[in-house]
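Q: What follows is upload14.txt, compact mmCIF, C-alpha atoms.
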# COMPACT_ATOMS: atom_id res chain seq x y z
CA MET J 1 0.00 0.00 0.00
CA PHE J 2 2.75 2.44 0.91
CA GLU J 3 4.53 1.81 -2.40
CA SER J 4 1.30 2.78 -4.18
CA PHE J 5 1.10 5.95 -2.08
CA LYS J 6 4.68 6.82 -3.08
CA LYS J 7 3.71 6.49 -6.73
CA TYR J 8 0.79 8.92 -6.53
CA ASN J 9 2.16 11.42 -4.01
CA PHE J 10 4.92 13.97 -4.48
CA TRP J 11 7.28 13.14 -1.63
CA ASN J 12 10.40 13.07 -3.80
CA GLY J 13 9.98 16.67 -4.90
CA GLU J 14 8.19 15.96 -8.18
CA ASP J 15 6.28 18.84 -9.71
CA ILE J 16 2.59 18.70 -8.76
CA PRO J 17 0.60 18.67 -12.05
CA CYS J 18 -2.22 21.18 -11.86
CA GLY J 19 -3.08 21.69 -15.52
CA PHE J 20 -4.77 24.97 -16.33
CA PHE J 21 -4.76 27.15 -13.21
CA ARG J 22 -8.39 27.70 -12.24
CA ASN J 23 -8.15 30.96 -10.34
CA PHE J 24 -11.94 31.09 -9.94
CA TYR J 25 -11.83 28.17 -7.49
CA PHE J 26 -8.45 29.04 -6.01
CA LYS J 27 -9.87 32.36 -4.80
CA GLN J 28 -12.81 30.55 -3.19
CA ILE J 29 -10.84 27.86 -1.37
CA ILE J 30 -7.75 29.66 -0.03
CA PRO J 31 -9.71 31.87 2.44
CA MET J 32 -11.41 28.70 3.76
CA MET J 33 -8.14 27.07 4.82
CA GLY J 34 -6.34 27.00 8.17
CA ASN J 35 -9.09 25.48 10.33
CA LYS J 36 -10.71 22.15 11.24
CA LEU J 37 -13.61 22.48 8.81
CA VAL J 38 -13.65 19.75 6.17
CA LYS J 39 -13.33 21.21 2.67
CA VAL J 40 -15.73 19.39 0.32
CA VAL J 41 -15.15 19.72 -3.44
CA LEU J 42 -18.16 18.46 -5.40
CA GLY J 43 -18.88 18.14 -9.08
CA GLN J 44 -19.56 15.93 -12.06
CA ARG J 45 -16.89 13.44 -13.06
CA ARG J 46 -14.16 14.92 -15.28
CA SER J 47 -15.08 18.49 -14.36
CA GLY J 48 -11.64 19.10 -12.87
CA LYS J 49 -11.98 18.31 -9.16
CA SER J 50 -8.68 16.41 -8.96
CA PHE J 51 -6.81 19.30 -10.56
CA VAL J 52 -8.38 21.69 -8.05
CA LEU J 53 -7.17 19.48 -5.19
CA ARG J 54 -3.67 19.31 -6.65
CA MET J 55 -3.74 23.08 -7.11
CA ILE J 56 -4.27 23.39 -3.35
CA MET J 57 -1.43 20.94 -2.67
CA LYS J 58 0.92 22.98 -4.84
CA HIS J 59 -0.12 26.14 -2.99
CA LEU J 60 0.68 24.48 0.33
CA VAL J 61 4.14 23.39 -0.85
CA ASP J 62 4.84 26.82 -2.34
CA SER J 63 3.82 28.30 1.04
CA GLY J 64 6.43 26.23 2.87
CA VAL J 65 4.50 23.11 3.90
CA SER J 66 6.66 19.99 3.65
CA VAL J 67 5.57 17.51 0.99
CA LYS J 68 5.85 14.85 3.70
CA ASN J 69 2.87 16.47 5.43
CA ILE J 70 0.56 15.92 2.44
CA LEU J 71 -1.18 12.59 1.81
CA TYR J 72 -3.19 12.25 -1.41
CA ILE J 73 -5.45 9.23 -1.93
CA ASN J 74 -7.31 9.12 -5.25
CA LYS J 75 -9.87 6.32 -5.36
CA GLU J 76 -9.98 6.39 -9.16
CA PHE J 77 -6.58 4.67 -9.21
CA GLU J 78 -6.87 0.88 -9.33
CA GLU J 79 -3.71 0.44 -7.24
CA LEU J 80 -5.50 2.08 -4.30
CA LYS J 81 -8.53 -0.23 -4.44
CA ASP J 82 -7.59 -1.77 -1.08
CA VAL J 83 -8.49 1.50 0.63
CA SER J 84 -12.10 0.42 0.45
CA ASP J 85 -13.61 1.17 3.86
CA SER J 86 -13.03 3.27 6.98
CA LYS J 87 -10.91 0.57 8.61
CA SER J 88 -8.51 0.31 5.66
CA LEU J 89 -8.41 4.12 5.44
CA TYR J 90 -7.28 4.33 9.08
CA SER J 91 -4.65 1.67 8.33
CA ALA J 92 -3.49 3.59 5.26
CA VAL J 93 -3.00 6.79 7.23
CA ASP J 94 -1.17 4.88 9.99
CA GLU J 95 1.13 3.33 7.37
CA TYR J 96 1.81 6.77 5.92
CA ARG J 97 2.63 8.21 9.35
CA LYS J 98 4.90 5.29 10.20
CA ASN J 99 6.93 5.69 7.00
CA MET J 100 6.95 9.44 6.42
CA LYS J 101 7.01 10.59 10.08
CA PRO J 102 5.39 13.99 9.36
CA GLU J 103 5.83 16.69 11.99
CA GLY J 104 2.87 18.94 12.77
CA LYS J 105 -0.35 19.23 10.80
CA VAL J 106 -1.08 16.64 8.11
CA TYR J 107 -3.06 17.72 5.03
CA LEU J 108 -5.23 14.77 3.97
CA PHE J 109 -6.72 14.76 0.46
CA LEU J 110 -9.32 12.07 -0.35
CA ASP J 111 -10.34 12.15 -4.02
CA GLU J 112 -13.69 10.52 -4.99
CA VAL J 113 -14.20 9.72 -1.32
CA GLN J 114 -17.65 8.18 -1.87
CA GLU J 115 -15.84 5.04 -3.09
CA ILE J 116 -14.70 4.38 0.51
CA LYS J 117 -17.39 2.65 2.54
CA GLY J 118 -18.01 4.41 5.85
CA TRP J 119 -15.80 7.34 4.89
CA GLU J 120 -18.04 9.74 6.84
CA LYS J 121 -16.95 8.40 10.23
CA ALA J 122 -13.30 8.39 9.26
CA VAL J 123 -13.35 11.93 7.87
CA ASN J 124 -15.07 13.21 10.99
CA SER J 125 -12.54 11.42 13.19
CA PHE J 126 -9.54 12.88 11.35
CA ALA J 127 -11.03 16.38 11.27
CA GLN J 128 -11.78 16.42 15.00
CA ASP J 129 -8.57 14.72 16.20
CA TYR J 130 -6.92 17.06 18.72
CA VAL J 131 -3.86 14.86 19.32
CA GLU J 132 -2.68 14.48 15.72
CA GLU J 133 -3.80 17.52 13.74
CA TYR J 134 -5.33 17.08 10.27
CA GLU J 135 -6.82 19.41 7.72
CA VAL J 136 -9.06 17.35 5.48
CA PHE J 137 -10.02 17.94 1.84
CA ILE J 138 -12.41 15.56 0.11
CA SER J 139 -13.94 15.41 -3.36
CA GLY J 140 -17.02 13.58 -4.59
CA SER J 141 -19.17 13.10 -7.66
CA ASN J 142 -22.53 12.82 -5.95
CA ALA J 143 -24.51 15.54 -4.19
CA HIS J 144 -26.33 12.93 -2.08
CA MET J 145 -23.24 12.48 0.08
CA LEU J 146 -23.98 15.84 1.74
CA SER J 147 -27.59 15.01 2.56
CA GLY J 148 -26.82 11.73 4.28
CA GLU J 149 -24.42 10.66 6.98
CA LEU J 150 -21.82 13.37 6.30
CA ALA J 151 -24.27 16.02 7.45
CA THR J 152 -25.08 13.88 10.50
CA TYR J 153 -21.49 13.19 11.55
CA LEU J 154 -20.03 16.61 10.78
CA SER J 155 -23.17 18.58 11.77
CA GLY J 156 -22.20 21.70 9.87
CA ARG J 157 -18.42 21.40 10.29
CA TYR J 158 -17.71 21.46 6.57
CA ILE J 159 -17.54 23.94 3.66
CA THR J 160 -18.57 23.10 0.11
CA VAL J 161 -17.14 24.23 -3.22
CA ASN J 162 -18.94 23.14 -6.40
CA VAL J 163 -16.64 22.62 -9.39
CA PHE J 164 -18.06 22.93 -12.90
CA PRO J 165 -16.51 22.28 -16.31
CA PHE J 166 -14.70 25.24 -17.87
CA SER J 167 -16.70 28.42 -18.16
CA PHE J 168 -16.51 30.32 -21.45
CA LEU J 169 -13.93 32.67 -19.91
CA GLU J 170 -11.79 29.70 -18.82
CA PHE J 171 -12.27 28.10 -22.24
CA CYS J 172 -10.83 31.20 -23.93
CA GLU J 173 -8.02 31.70 -21.42
CA SER J 174 -6.93 28.06 -21.56
CA THR J 175 -6.78 28.14 -25.37
CA GLY J 176 -5.17 31.59 -25.55
CA LYS J 177 -7.99 32.92 -27.75
CA GLU J 178 -9.81 36.24 -27.58
CA GLN J 179 -13.47 36.33 -26.56
CA SER J 180 -15.68 36.60 -29.63
CA LYS J 181 -18.82 35.24 -31.20
CA LYS J 182 -16.74 32.69 -33.10
CA MET J 183 -15.21 31.38 -29.87
CA TYR J 184 -18.58 31.33 -28.14
CA LEU J 185 -20.04 29.20 -30.93
CA GLU J 186 -17.06 26.87 -30.61
CA TYR J 187 -17.69 26.66 -26.86
CA MET J 188 -21.37 25.87 -27.52
CA ASP J 189 -20.23 23.06 -29.80
CA ARG J 190 -17.46 21.57 -27.65
CA GLY J 191 -18.57 22.32 -24.10
CA GLY J 192 -16.25 22.87 -21.17
CA ILE J 193 -15.03 19.40 -20.12
CA PRO J 194 -11.29 20.11 -19.70
CA GLU J 195 -10.06 17.08 -21.66
CA ILE J 196 -12.16 18.13 -24.68
CA LEU J 197 -9.70 20.96 -25.30
CA PHE J 198 -7.08 18.45 -26.43
CA LEU J 199 -9.39 16.62 -28.85
CA ASN J 200 -9.52 18.39 -32.19
CA ASP J 201 -11.21 15.69 -34.22
CA GLN J 202 -15.01 15.87 -34.11
CA GLU J 203 -15.52 12.10 -34.14
CA THR J 204 -13.02 11.66 -31.29
CA ARG J 205 -14.83 14.32 -29.26
CA LEU J 206 -18.19 12.62 -29.81
CA ASN J 207 -16.75 9.26 -28.74
CA TYR J 208 -15.26 10.87 -25.64
CA ILE J 209 -18.53 12.59 -24.71
CA LYS J 210 -20.43 9.32 -25.15
CA ALA J 211 -17.94 7.44 -23.00
CA LEU J 212 -18.09 10.12 -20.30
CA LYS J 213 -21.89 10.15 -20.37
CA ASP J 214 -21.93 6.37 -20.05
CA SER J 215 -19.42 6.49 -17.17
CA ILE J 216 -21.45 9.05 -15.22
CA ILE J 217 -24.69 7.17 -15.78
CA LEU J 218 -23.18 3.77 -14.95
CA ARG J 219 -21.03 4.66 -11.94
CA ASP J 220 -23.01 7.46 -10.31
CA VAL J 221 -26.56 6.43 -11.17
CA VAL J 222 -26.96 2.78 -12.19
CA THR J 223 -24.45 1.20 -9.79
CA ARG J 224 -25.06 3.57 -6.88
CA HIS J 225 -28.84 3.26 -6.98
CA SER J 226 -29.17 -0.29 -8.37
CA VAL J 227 -31.13 0.94 -11.41
CA ARG J 228 -32.54 -2.00 -13.33
CA ASP J 229 -34.04 -0.39 -16.43
CA THR J 230 -30.92 1.24 -17.88
CA TYR J 231 -32.52 1.61 -21.32
CA LEU J 232 -35.35 3.69 -19.88
CA LEU J 233 -32.83 5.80 -17.94
CA ASP J 234 -30.91 6.47 -21.13
CA ARG J 235 -34.10 7.53 -22.94
CA ILE J 236 -34.92 9.94 -20.09
CA VAL J 237 -31.43 11.44 -20.39
CA GLY J 238 -32.01 11.95 -24.11
CA PHE J 239 -35.46 13.45 -23.55
CA ILE J 240 -34.20 15.97 -20.97
CA THR J 241 -31.20 16.95 -23.11
CA ASP J 242 -33.49 17.49 -26.09
CA SER J 243 -35.95 19.48 -23.92
CA VAL J 244 -33.43 21.97 -22.50
CA GLY J 245 -35.19 25.28 -21.84
CA SER J 246 -38.71 23.84 -22.07
CA PHE J 247 -41.14 23.27 -19.22
CA VAL J 248 -41.69 19.59 -18.48
CA SER J 249 -43.07 17.64 -15.54
CA VAL J 250 -42.47 14.18 -14.16
CA ASN J 251 -45.96 13.24 -15.32
CA SER J 252 -45.42 14.53 -18.87
CA ILE J 253 -42.12 12.65 -19.18
CA SER J 254 -43.77 9.49 -17.86
CA LYS J 255 -46.64 9.81 -20.35
CA TYR J 256 -44.20 10.41 -23.22
CA MET J 257 -42.18 7.32 -22.31
CA THR J 258 -45.31 5.20 -21.93
CA SER J 259 -46.68 6.35 -25.29
CA ASN J 260 -43.38 5.30 -26.87
CA GLY J 261 -43.56 1.78 -25.50
CA TYR J 262 -41.60 2.04 -22.25
CA LYS J 263 -43.06 0.59 -19.06
CA THR J 264 -42.75 3.21 -16.35
CA ASN J 265 -44.62 5.49 -13.97
CA PRO J 266 -44.17 8.99 -12.48
CA GLU J 267 -42.48 7.66 -9.33
CA THR J 268 -39.78 5.85 -11.31
CA VAL J 269 -39.22 8.86 -13.60
CA GLY J 270 -39.00 11.15 -10.57
CA ASN J 271 -36.41 8.88 -8.94
CA TYR J 272 -34.30 8.72 -12.10
CA ILE J 273 -34.35 12.51 -12.43
CA LYS J 274 -33.23 12.86 -8.81
CA TYR J 275 -30.36 10.44 -9.42
CA LEU J 276 -29.26 12.47 -12.47
CA LYS J 277 -29.35 15.66 -10.40
CA ASP J 278 -27.34 14.04 -7.60
CA ALA J 279 -24.71 13.02 -10.18
CA PHE J 280 -24.52 16.68 -11.34
CA PHE J 281 -25.59 15.64 -14.84
CA ILE J 282 -28.64 17.91 -14.86
CA HIS J 283 -29.98 20.88 -12.88
CA GLU J 284 -33.53 22.12 -12.48
CA SER J 285 -35.09 25.58 -12.50
CA GLU J 286 -38.40 25.98 -10.69
CA ARG J 287 -41.10 28.46 -11.72
CA TYR J 288 -41.24 31.66 -9.69
CA ASP J 289 -44.18 34.07 -9.46
CA ILE J 290 -42.42 37.44 -9.53
CA LYS J 291 -45.41 39.44 -8.34
CA GLY J 292 -46.41 37.02 -5.58
CA LYS J 293 -42.80 36.13 -4.75
CA THR J 294 -43.65 32.44 -4.46
CA ILE J 295 -42.33 29.25 -6.04
CA LEU J 296 -44.90 27.53 -8.25
CA ALA J 297 -45.35 23.78 -8.18
CA GLY J 298 -45.60 21.57 -11.24
CA GLU J 299 -43.54 21.97 -14.39
CA LYS J 300 -39.83 22.78 -14.28
CA LYS J 301 -37.03 23.45 -16.72
CA TYR J 302 -33.96 21.23 -16.82
CA TYR J 303 -30.45 22.14 -17.95
CA ILE J 304 -27.43 19.89 -18.58
CA ASN J 305 -24.27 20.45 -16.55
CA ASP J 306 -22.11 20.79 -19.67
CA ILE J 307 -23.40 21.89 -23.04
CA GLY J 308 -21.05 19.44 -24.76
CA PHE J 309 -23.40 16.56 -23.91
CA LYS J 310 -25.91 17.89 -26.42
CA SER J 311 -23.45 16.88 -29.17
CA PHE J 312 -24.12 13.24 -28.33
CA PHE J 313 -27.82 13.71 -29.06
CA HIS J 314 -27.54 16.19 -31.94
CA SER J 315 -25.04 15.94 -34.79
CA SER J 316 -25.44 19.65 -35.62
CA PHE J 317 -26.95 22.75 -34.07
CA ASP J 318 -30.63 22.52 -33.33
CA PRO J 319 -32.68 25.13 -35.24
CA ALA J 320 -33.62 26.51 -31.81
CA ALA J 321 -29.97 27.03 -30.81
CA GLY J 322 -31.04 29.77 -28.41
CA LYS J 323 -31.93 27.10 -25.87
CA TYR J 324 -28.27 26.11 -25.65
CA LEU J 325 -27.31 29.72 -25.02
CA GLU J 326 -29.94 29.68 -22.28
CA ASN J 327 -28.34 26.53 -20.86
CA ILE J 328 -24.89 28.12 -20.72
CA ILE J 329 -26.25 31.25 -19.04
CA TYR J 330 -28.08 29.18 -16.44
CA ILE J 331 -24.91 27.23 -15.56
CA SER J 332 -22.90 30.48 -15.45
CA LEU J 333 -25.31 31.94 -12.91
CA VAL J 334 -25.31 28.80 -10.73
CA ARG J 335 -21.51 28.54 -10.90
CA ASN J 336 -21.26 32.08 -9.61
CA GLY J 337 -23.42 31.37 -6.58
CA TYR J 338 -26.86 32.49 -7.75
CA LYS J 339 -30.05 30.67 -6.87
CA VAL J 340 -31.87 30.59 -10.19
CA PHE J 341 -35.58 30.36 -11.06
CA THR J 342 -37.69 30.78 -14.18
CA GLY J 343 -39.92 33.82 -13.64
CA GLN J 344 -43.54 34.42 -14.53
CA MET J 345 -45.14 37.86 -14.58
CA SER J 346 -48.52 38.85 -16.02
CA GLY J 347 -48.60 35.82 -18.28
CA ARG J 348 -45.09 36.42 -19.57
CA GLU J 349 -42.03 34.28 -18.99
CA ILE J 350 -38.72 35.62 -17.69
CA ASP J 351 -35.92 33.19 -18.49
CA PHE J 352 -34.07 33.69 -15.22
CA VAL J 353 -34.68 35.32 -11.87
CA ALA J 354 -31.32 35.00 -10.11
CA GLU J 355 -30.79 35.78 -6.42
CA LYS J 356 -27.51 36.27 -4.58
CA ASN J 357 -26.68 38.03 -1.31
CA GLY J 358 -30.13 39.60 -1.10
CA GLU J 359 -30.07 41.03 -4.62
CA LYS J 360 -31.78 39.91 -7.81
CA ILE J 361 -31.05 40.16 -11.49
CA TYR J 362 -33.50 39.36 -14.30
CA VAL J 363 -32.21 37.82 -17.52
CA GLN J 364 -33.69 37.17 -20.94
CA ALA J 365 -31.63 35.00 -23.32
CA THR J 366 -32.17 35.00 -27.07
CA TYR J 367 -29.94 33.73 -29.86
CA LEU J 368 -30.08 36.96 -31.91
CA LEU J 369 -32.03 40.21 -31.76
CA THR J 370 -33.07 39.80 -35.38
CA GLY J 371 -35.91 42.33 -35.66
CA ASP J 372 -38.43 44.56 -33.94
CA GLU J 373 -40.67 41.65 -32.96
CA VAL J 374 -37.87 39.81 -31.14
CA ILE J 375 -36.61 43.02 -29.51
CA GLU J 376 -40.12 43.88 -28.32
CA ARG J 377 -40.65 40.39 -26.91
CA GLU J 378 -37.36 40.14 -25.03
CA PHE J 379 -37.27 43.70 -23.67
CA GLY J 380 -41.05 43.84 -23.20
CA ASN J 381 -41.05 40.85 -20.86
CA LEU J 382 -38.65 42.69 -18.57
CA GLU J 383 -40.37 46.08 -18.80
CA ASN J 384 -43.35 44.69 -16.86
CA ILE J 385 -41.17 44.22 -13.77
CA LYS J 386 -41.31 47.47 -11.80
CA ASP J 387 -38.71 46.89 -9.09
CA ASN J 388 -35.24 48.46 -9.22
CA PHE J 389 -33.14 45.33 -9.67
CA GLN J 390 -30.98 45.15 -12.80
CA LYS J 391 -32.43 43.60 -15.94
CA TYR J 392 -30.48 42.13 -18.87
CA VAL J 393 -31.13 40.85 -22.38
CA VAL J 394 -28.30 38.54 -23.51
CA SER J 395 -27.70 37.43 -27.08
CA LEU J 396 -25.05 36.26 -29.55
CA ASP J 397 -25.11 39.44 -31.60
CA GLU J 398 -21.62 40.68 -32.50
CA ILE J 399 -21.95 43.82 -30.38
CA SER J 400 -24.16 45.04 -27.55
CA PHE J 401 -26.84 47.62 -28.33
CA GLY J 402 -26.65 49.46 -25.02
CA ASN J 403 -29.66 50.27 -22.85
CA LYS J 404 -33.36 50.41 -23.61
CA ASP J 405 -35.50 51.96 -20.89
CA GLY J 406 -32.97 50.93 -18.26
CA ILE J 407 -32.67 47.35 -19.52
CA LYS J 408 -29.11 46.46 -20.56
CA HIS J 409 -28.30 44.44 -23.65
CA LEU J 410 -25.08 42.42 -23.37
CA THR J 411 -23.34 39.95 -25.65
CA ALA J 412 -23.04 36.49 -24.09
CA TRP J 413 -19.33 36.94 -23.35
CA GLU J 414 -19.90 40.37 -21.79
CA PHE J 415 -22.55 38.81 -19.58
CA GLU J 416 -20.10 36.09 -18.45
CA GLU J 417 -17.59 38.74 -17.38
CA MET J 418 -20.25 40.79 -15.60
CA VAL J 419 -21.58 37.81 -13.62
CA GLU J 420 -18.12 36.66 -12.56
CA SER J 421 -17.16 40.15 -11.38
CA ARG J 422 -20.19 40.61 -9.09
Please re-express this file's structure in structure tokens.
A:
Amino acid sequence: MFESFKKYNFWNGEDIPCGFFRNFYFKQIIPMMGNKLVKVVLGQRRSGKSFVLRMIMKHLVDSGVSVKNILYINKEFEELKDVSDSKSLYSAVDEYRKNMKPEGKVYLFLDEVQEIKGWEKAVNSFAQDYVEEYEVFISGSNAHMLSGELATYLSGRYITVNVFPFSFLEFCESTGKEQSKKMYLEYMDRGGIPEILFLNDQETRLNYIKALKDSIILRDVVTRHSVRDTYLLDRIVGFITDSVGSFVSVNSISKYMTSNGYKTNPETVGNYIKYLKDAFFIHESERYDIKGKTILAGEKKYYINDIGFKSFFHSSFDPAAGKYLENIIYISLVRNGYKVFTGQMSGREIDFVAEKNGEKIYVQATYLLTGDEVIEREFGNLENIKDNFQKYVVSLDEISFGNKDGIKHLTAWEFEEMVESR
């Protein structure tokens, strides 16, 4: 076991590979450090969680922490399969201490920790140990881990950071390209999964996206929840991806599947959707009555975590490509800490009502402002809202058209910069 640890740690002074430096997450995590709170890094598989953890390790070493005081256990590596439960995790840490003899605080990094049975008890024990001091960082690919025993054992003694695939700004920075409509269209086509950047052949990218989709579905949905009807699950994934930006309900999805020959019911569909959300494959936006300030039950909109997955279901851009712009904007808002709803006001729909730190912004997304009718629809929906919170229309026009009655028009890349700066 210790020989395997030596292979995947950096105790001999090897450079710690961090890939593209994701300053967005670095700025979030560094102020959280230096205490007994467990740092929880969550996100979809292949979104870059491991690189974020290694980025923190490199920061520690650059700050003077000895490499001997850092233990990294990544459960995706087959050689570490014997670290399978809390007992073997305790043994692994004891073996590390016996061989490395670290002095002072130990920084423990557990990557894909949900693969260790009973990890919650072990993590809590390490974090609260007052004899041998630990600072614990864990990553996971399932949101359910925070609603179960972790919350019970740690009872609030943890901080969460959600890692997403590359944003458009990261996509441009990592490729060294200027922000433009051309680059935004390329981002809409490729998505933000970091490894996609190194795949220039379209067929290779599609094969990669399919393999990643299958891996997420198999490991974080089918295996974790003992799903029996995998074909039905796959059809639901396709339906939701194809219905991005449209209101659907569990009942309507169930009826659609039944009418197409699948045996199912609303309860099963609802469970499968929850599993997909827990695996960070999809997100939901509830309806919000702007005037009454209440959340409306029933239909919801769903968005995929990375726009690249739509390439698996569509060989070219959908005629209604604006829904993919809407998807990217939704993820951008969530990534930046907004709680996002779909608004309704006087019979009109507002794409996004986004709340953060007691403030709101209202957002309409449209592919292009192609004429007076489109301009009237997008700006008119927002004009009905009489409060003083900022309102935006976002599109893929080459340039922004300024303000109209206090409502700002921004290009999609200008909107990304604005949201990240708030």
Q: What's around Lys87 (chain J) at 10 Å? Count only C-alpha atoms, leave out sequence neighbours fewer than 6 positions away in its own chain, and write the answer as JSON, numbers by chain.
A: {"J": [116, 117, 118, 119, 122]}
Q: Dump C-alpha atoms for the selected residues as a PDB file, in the coordinates of the input?
A:
ATOM      1  CA  ILE J 116     -14.700   4.380   0.510  1.00  0.00           C
ATOM      2  CA  LYS J 117     -17.390   2.650   2.540  1.00  0.00           C
ATOM      3  CA  GLY J 118     -18.010   4.410   5.850  1.00  0.00           C
ATOM      4  CA  TRP J 119     -15.800   7.340   4.890  1.00  0.00           C
ATOM      5  CA  ALA J 122     -13.300   8.390   9.260  1.00  0.00           C
TER       6      ALA J 122
END
Q: Just checking: using all atoms listed in the file, which residue out of J:Val52, J:Val106, J:Val222, J:Met188 ends up closest to Gly34 (chain J)?
A: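 For Gly34 (chain J), the nearest of the candidates is J:Val106.
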Q: Just checking: using all atoms listed in the file, which residue out of J:Tyr184, J:Phe2, J:Trp11, J:Phe24 ends up closest to Asp82 (chain J)?
A: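 Comparing J:Tyr184, J:Phe2, J:Trp11, J:Phe24 against Asp82 (chain J), the winner is J:Phe2.
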Q: Tell me, as a compact mmCIF listing (two decimals) with C-alpha atoms, keeping the file's coordinate frame, which residues lie within 12 Å of Asn23 (chain J), counting all atoms listed in the file; anything in the same chain fewer than 6 positions away does not count.
A:
# COMPACT_ATOMS: atom_id res chain seq x y z
CA ILE J 29 -10.84 27.86 -1.37
CA ILE J 30 -7.75 29.66 -0.03
CA PHE J 51 -6.81 19.30 -10.56
CA VAL J 52 -8.38 21.69 -8.05
CA MET J 55 -3.74 23.08 -7.11
CA ILE J 56 -4.27 23.39 -3.35
CA HIS J 59 -0.12 26.14 -2.99
CA VAL J 163 -16.64 22.62 -9.39
CA PHE J 166 -14.70 25.24 -17.87
CA SER J 167 -16.70 28.42 -18.16
CA LEU J 169 -13.93 32.67 -19.91
CA GLU J 170 -11.79 29.70 -18.82
CA GLU J 173 -8.02 31.70 -21.42
CA SER J 174 -6.93 28.06 -21.56
CA GLU J 420 -18.12 36.66 -12.56
Q: Report as a tab-separated table: every residue of region 267-345 of chain J with an atom at most 10 Å from region 136-141 of chain J, its closest pair of atoms, and their distance in Å to one decimal, counting all atoms listed in the file, with rows sorted by chain and ascending residue number.
A:
residue	atom	partner	partner_atom	distance
J:Asp278	CA	J:Ser141	CA	8.2
J:Ala279	CA	J:Ser141	CA	6.1
J:Phe280	CA	J:Ser141	CA	7.4
J:Phe281	CA	J:Ser141	CA	10.0
Q: Here is a test: counting all atoms listed in the file, which residue of J:Asp220, J:Leu71, J:Thr152, J:Ser254 is nearest to Glu115 (chain J)?
A: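 Ranked by minimum distance to Glu115 (chain J), first place goes to J:Asp220.
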Q: When you count all atoms listed in the file, which of these residues is closest to Asp111 (chain J): J:Ser180, J:Pro31, J:Leu60, J:Tyr8?
A: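 The answer is J:Tyr8, which sits nearest to Asp111 (chain J).
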Q: Mind pulling up the distance from CA of Arg348 (chain J) to CA of Ser400 (chain J)?
A: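 Going from CA of Ser400 (chain J) over to CA of Arg348 (chain J), I get 24.0 Å.
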Q: Within 12 Å of (-13.6, 19.3, -25.4), all atoms listed in the file: residues as JSON, numbers by chain?
A: {"J": [46, 47, 165, 166, 171, 174, 175, 186, 187, 188, 189, 190, 191, 192, 193, 194, 195, 196, 197, 198, 199, 200, 201, 202, 203, 204, 205, 206, 207, 208, 209, 212, 306, 307, 308, 309, 311]}
Q: Do you know which residues are at most 7 Å from Lys356 (chain J) counting only C-alpha atoms, after dropping those on the same chain fewer than 5 positions away, and could you put them as a list in words?
A: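 Answer for this query is Gly337, Tyr338 and Lys339 of chain J.
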Q: From the options J:Lys121, J:Arg235, J:Lys293, J:Lys360, which residue's atoms come nearest to Tyr256 (chain J), counting all atoms listed in the file?
A: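 When distances to Tyr256 (chain J) are compared using all atoms listed in the file, the smallest one comes from J:Arg235.
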Q: Looking at all atoms listed in the file, which of J:Phe168, J:Tyr392, J:Tyr303, J:Phe21 is the one that sits closest to Glu284 (chain J)?
A: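 Comparing J:Phe168, J:Tyr392, J:Tyr303, J:Phe21 against Glu284 (chain J), the winner is J:Tyr303.
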Q: Can you fill out region 86-96 of chain J with N, CA and C atoms and hand it back as a short mmCIF file (atom, residue, chain, number, x, y, z; two decimals), keeping the file's coordinate frame?
A:
data_model
loop_
_atom_site.label_atom_id
_atom_site.label_comp_id
_atom_site.auth_asym_id
_atom_site.auth_seq_id
_atom_site.Cartn_x
_atom_site.Cartn_y
_atom_site.Cartn_z
N SER J 86 -13.62 2.40 5.95
CA SER J 86 -13.03 3.27 6.98
C SER J 86 -11.87 2.59 7.69
N LYS J 87 -11.98 1.29 7.93
CA LYS J 87 -10.91 0.57 8.61
C LYS J 87 -9.62 0.59 7.81
N SER J 88 -9.71 0.31 6.50
CA SER J 88 -8.51 0.31 5.66
C SER J 88 -7.99 1.73 5.46
N LEU J 89 -8.86 2.73 5.53
CA LEU J 89 -8.41 4.12 5.44
C LEU J 89 -7.58 4.49 6.68
N TYR J 90 -8.07 4.10 7.87
CA TYR J 90 -7.28 4.33 9.08
C TYR J 90 -5.91 3.65 8.97
N SER J 91 -5.91 2.41 8.48
CA SER J 91 -4.65 1.67 8.33
C SER J 91 -3.73 2.37 7.35
N ALA J 92 -4.29 2.89 6.27
CA ALA J 92 -3.49 3.59 5.26
C ALA J 92 -2.81 4.82 5.85
N VAL J 93 -3.57 5.58 6.62
CA VAL J 93 -3.00 6.79 7.23
C VAL J 93 -1.94 6.42 8.26
N ASP J 94 -2.18 5.35 9.03
CA ASP J 94 -1.17 4.88 9.99
C ASP J 94 0.12 4.47 9.27
N GLU J 95 -0.03 3.76 8.15
CA GLU J 95 1.13 3.33 7.37
C GLU J 95 1.91 4.53 6.85
N TYR J 96 1.17 5.52 6.39
CA TYR J 96 1.81 6.77 5.92
C TYR J 96 2.58 7.44 7.05
#
